[in-house]
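Colleague: Right, I'll just put the structure down here and ask away after.
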There are 2 protein chains.
Amino acid sequence: MKAGKAFFVAVGSELLSFKANRYSPVLAGKLFKAGYTLAGEITAADRLEDIKKAMDFAQKNADIVIVTGGLGPTFDDLTRQAAASLFNLSLHENQKVKKTLQKRYPHLEKWNLENQSLVLEKAEVFDNPNGTAFAQVLKMKGKTFAFLPGPLKEWEPIWDEKVSKIIANKKQKIYFKNFRLAGLREAQVQEKAMPVIKEFARDIECTVLAGPYTCEFSFYCSGRSIFRKAGEKLSNIFAEYVYSSRDFSLAAELKELCIKKKVSVSLAESCTGGLVSQLITSEPGSSEFYAGGINAYSNSAKKNILAVSQQTLKKHGAVSRECAIEMARGAKKIFKTDFSASITGIAGPMGGTKDKPVGTVCFGFCGPDSEYSAVSFFRKDRDFIRQSSANFALFALLKLVKSYRG
Amino acid sequence: MKAGKAFFVAVGSELLSFKANRYSPVLAGKLFKAGYTLAGEITAADRLEDIKKAMDFAQKNADIVIVTGGLGPTFDDLTRQAAASLFNLSLHENQKVKKTLQKRYPHLEKWNLENQSLVLEKAEVFDNPNGTAFAQVLKMKGKTFAFLPGPLKEWEPIWDEKVSKIIANKKQKIYFKNFRLAGLREAQVQEKAMPVIKEFARDIECTVLAGPYTCEFSFYCSGRSIFRKAGEKLSNIFAEYVYSSRDFSLAAELKELCIKKKVSVSLAESCTGGLVSQLITSEPGSSEFYAGGINAYSNSAKKNILAVSQQTLKKHGAVSRECAIEMARGAKKIFKTDFSASITGIAGPMGGTKDKPVGTVCFGFCGPDSEYSAVSFFRKDRDFIRQSSANFALFALLKLVKSYRG
């Protein structure tokens, strides 16, 4: 692998006080695809001298430098000024940028508009459809600098659609494949992949990224035939765990499938409290298959709204497969849908018992011609347990709809 | 500000490929208590030259340098070697370390034991009860270097019990305050704070962090009387926008208030699709005041479950203050709660019209003796609109419960 070297400069005092910088792995993956390795990262506070020193250090140690943040309109946004000062360039108001911003945000204050229109001499500008900070790319003495807005949601589209293409290292084509998996822990993924990793040790690079009930396994290599051979073996190994081979979320895969099969879905959530519904509706167009859900957090809501029987609650408790299946039936009936799913469990940190420790979660699933319940145990904290439960429900629902031949 | 300056060097190739470095904020908080600000962070790959360059950059820009990682026994653990090479010091086997490790881990391989016993000439060693990499502290030319193991659970106890006491900057106590605000944009926060920022320009440092409908404004300073004066002025300026002065989330503040006032809450969500419910239930113990919610994504769910009238839907549409208030009434009645809130809007990217563009969101709020509706317009993408709407609803609900004298 003869990739170019890239350096990441993250600007923002918040990254040195209360906010974690989670973008290095994201950027590393994207750089790989463009033919670069991430050689280092440096976080600079919102101070002119600090940003300058960081950019200078970065350019001395890499071919390209990606700078994120510090492009906002306020007093502590100093990335443009730092670059101007470091390279001895001027900053000027770009009329095209100004007009675009004026049209898009007619109520922007004058000073704000003027600041956001400032462009570095010699830099190429790239529109930011999701914010007022436009991206700028500057080539100086054989090095390329990309200045991007701070939030991932703003820089990612600009990177994917524009900047990555400009900086792409054409000498080196890198092949990349990402498997999105559910139902395997990180160590299990590694164990399953190990024979392939060993067989192609000299030619491929792999990473495993663990999530709640999910994992991403990705591999890179530079030769097409090795890519195909290793990819095929991994596809076979992971077959039953793959929920997306095109980098879609669980909710996005579910949406596509349900719309294609013309089936509708509803939910009844207890311990996840709306999280599954929120994930489904985060997909635009989800109203085409998703009718709605009941967040039945209290027992009386389970009884009065979802019609879970008093007997079930008394005999098995709210966290039981019996209660879960009645919840799912209730949702299916209320929303008149083809499918429904329910989640009821103990997310903690309180509420666990010896028989049902924190992390015990029950699920119910109803389809047009079948229903079933499940129980699973998740570890770690409240957040992780809720997210794992949500992903478990989405993956099970996806498989249920897939198997339906209606 | 006369706090000491600290620099964080994180060593590890994994931090430049698949793993996020989440420790800067943790370390920043700990440094603050010891009288230092975190001036910058740099991540170095497991390469000797990279680690040396990173440490050298760090020492030029700070009084103390905290290095984590690269202290393991394998070929790619090179922090000790890099320090030895940078400062021209020797590495020797420390017999006390070796004996401790031998006793604690009798099955450790010889090469492993020998590597883990290597200590820098002139360095002070600190036991690591949770691993084989001991910490080392080195003072060189007026600068202090702390070499710590990589995992948080290993370095945190060593830091808290030993290293923090050695490096403590006794000359300097730092004061820090964070205002969590809702209802102001970043630029508005800055405008309001500007007189105070200007008045205390030489003595305080400020940062503004924008979120969806929310902002965080924080300031630091080193003198108690300036901290009190500036803090008081800012508290007055931000009074009506502050939702937490103790770094709680909106949902956490709402939970505390509702439990204290012994009132219950329910929700009816359309465009947020369960997001508000999810935020509320992410707080442990939320079942004490939160009964549940209806995610009424379809019109028929609004009609059949929440009892929104056909006439309202026909005359005003699902995105209207009229519909919102009927949704809130429906939730309040179904869940039999004291308060309820509803959200119905156009999160986009499709579905906007000239009269109701993407980002138009209507809200309904019901209390024991009052009800009201509101409409707001949010910008940016679907995610941001949904999150802004959720925070708007939580903030409004918080104010409504606060004003209730039941």
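So you can find residues: chains in the structure tokens are A, B, ... in the order shown, residues in each start at 1, and ligands are numbered from 1 in order.
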Select from region 21-90 of chain A everything DSSP, run on the backbone, classes as strand (DSSP E or B), then give the selection as a ChimeraX atom specification.

Modeller: /A:21,36-44,64-68

Colleague: For chain A, report every residue with an atom at most 6 Å from chain B (counting only C-alpha atoms), formatted as a ChimeraX atom specification.

Modeller: /A:16-20,22,24-25,28,38,40-44,130,273-275,277-278,281,291-298

Colleague: When all Cα positions are paired in order and chain A is fitted onto chain B, what RMSD is left, to one decimal?

Modeller: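 Once chain A is overlaid on chain B, the RMSD is 5.3 Å.
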
Colleague: Give the answer as one residue: which of B:Ser90, B:Thr144, B:Thr100, B:Thr214 has the shortest atom-to-atom distance to Ile66 (chain B), using only C-alpha atoms?

Modeller: B:Thr144

Colleague: When you look at Ala393 (chain A) with a cut-off of 8 Å (counting only C-alpha atoms), what residues show up, excluding the ones that are within fewer than 6 positions of it in the same chain? I need them as a list in words.

Modeller: Val276, Ala341, Ser342, Ile343 and Phe363 of chain A

Colleague: Would you work out the distance separating CA of Lys332 (chain B) from CA of Cys366 (chain B), expressed in Å to one decimal?

Modeller: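 One can read the CA of Lys332 (chain B) to CA of Cys366 (chain B) distance as 7.4 Å.
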
Colleague: In Å, with one decimal, what is the gap from CA of Tyr241 (chain B) to CA of Ser373 (chain B)?

Modeller: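 Between these atoms lies a distance of 19.4 Å.
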
Colleague: Could you work out how far CA of Phe134 (chain B) lies from CA of Leu48 (chain B), giving the answer in Å with one decimal?

Modeller: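 For CA of Leu48 (chain B) relative to CA of Phe134 (chain B), the distance reads 19.7 Å.
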
Colleague: So, with only C-alpha atoms as the atoms that count, which of B:Arg224, B:Gly142, B:Thr353, B:Leu398 lies closest to Val242 (chain B)?

Modeller: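 Nearest to Val242 (chain B): B:Leu398.
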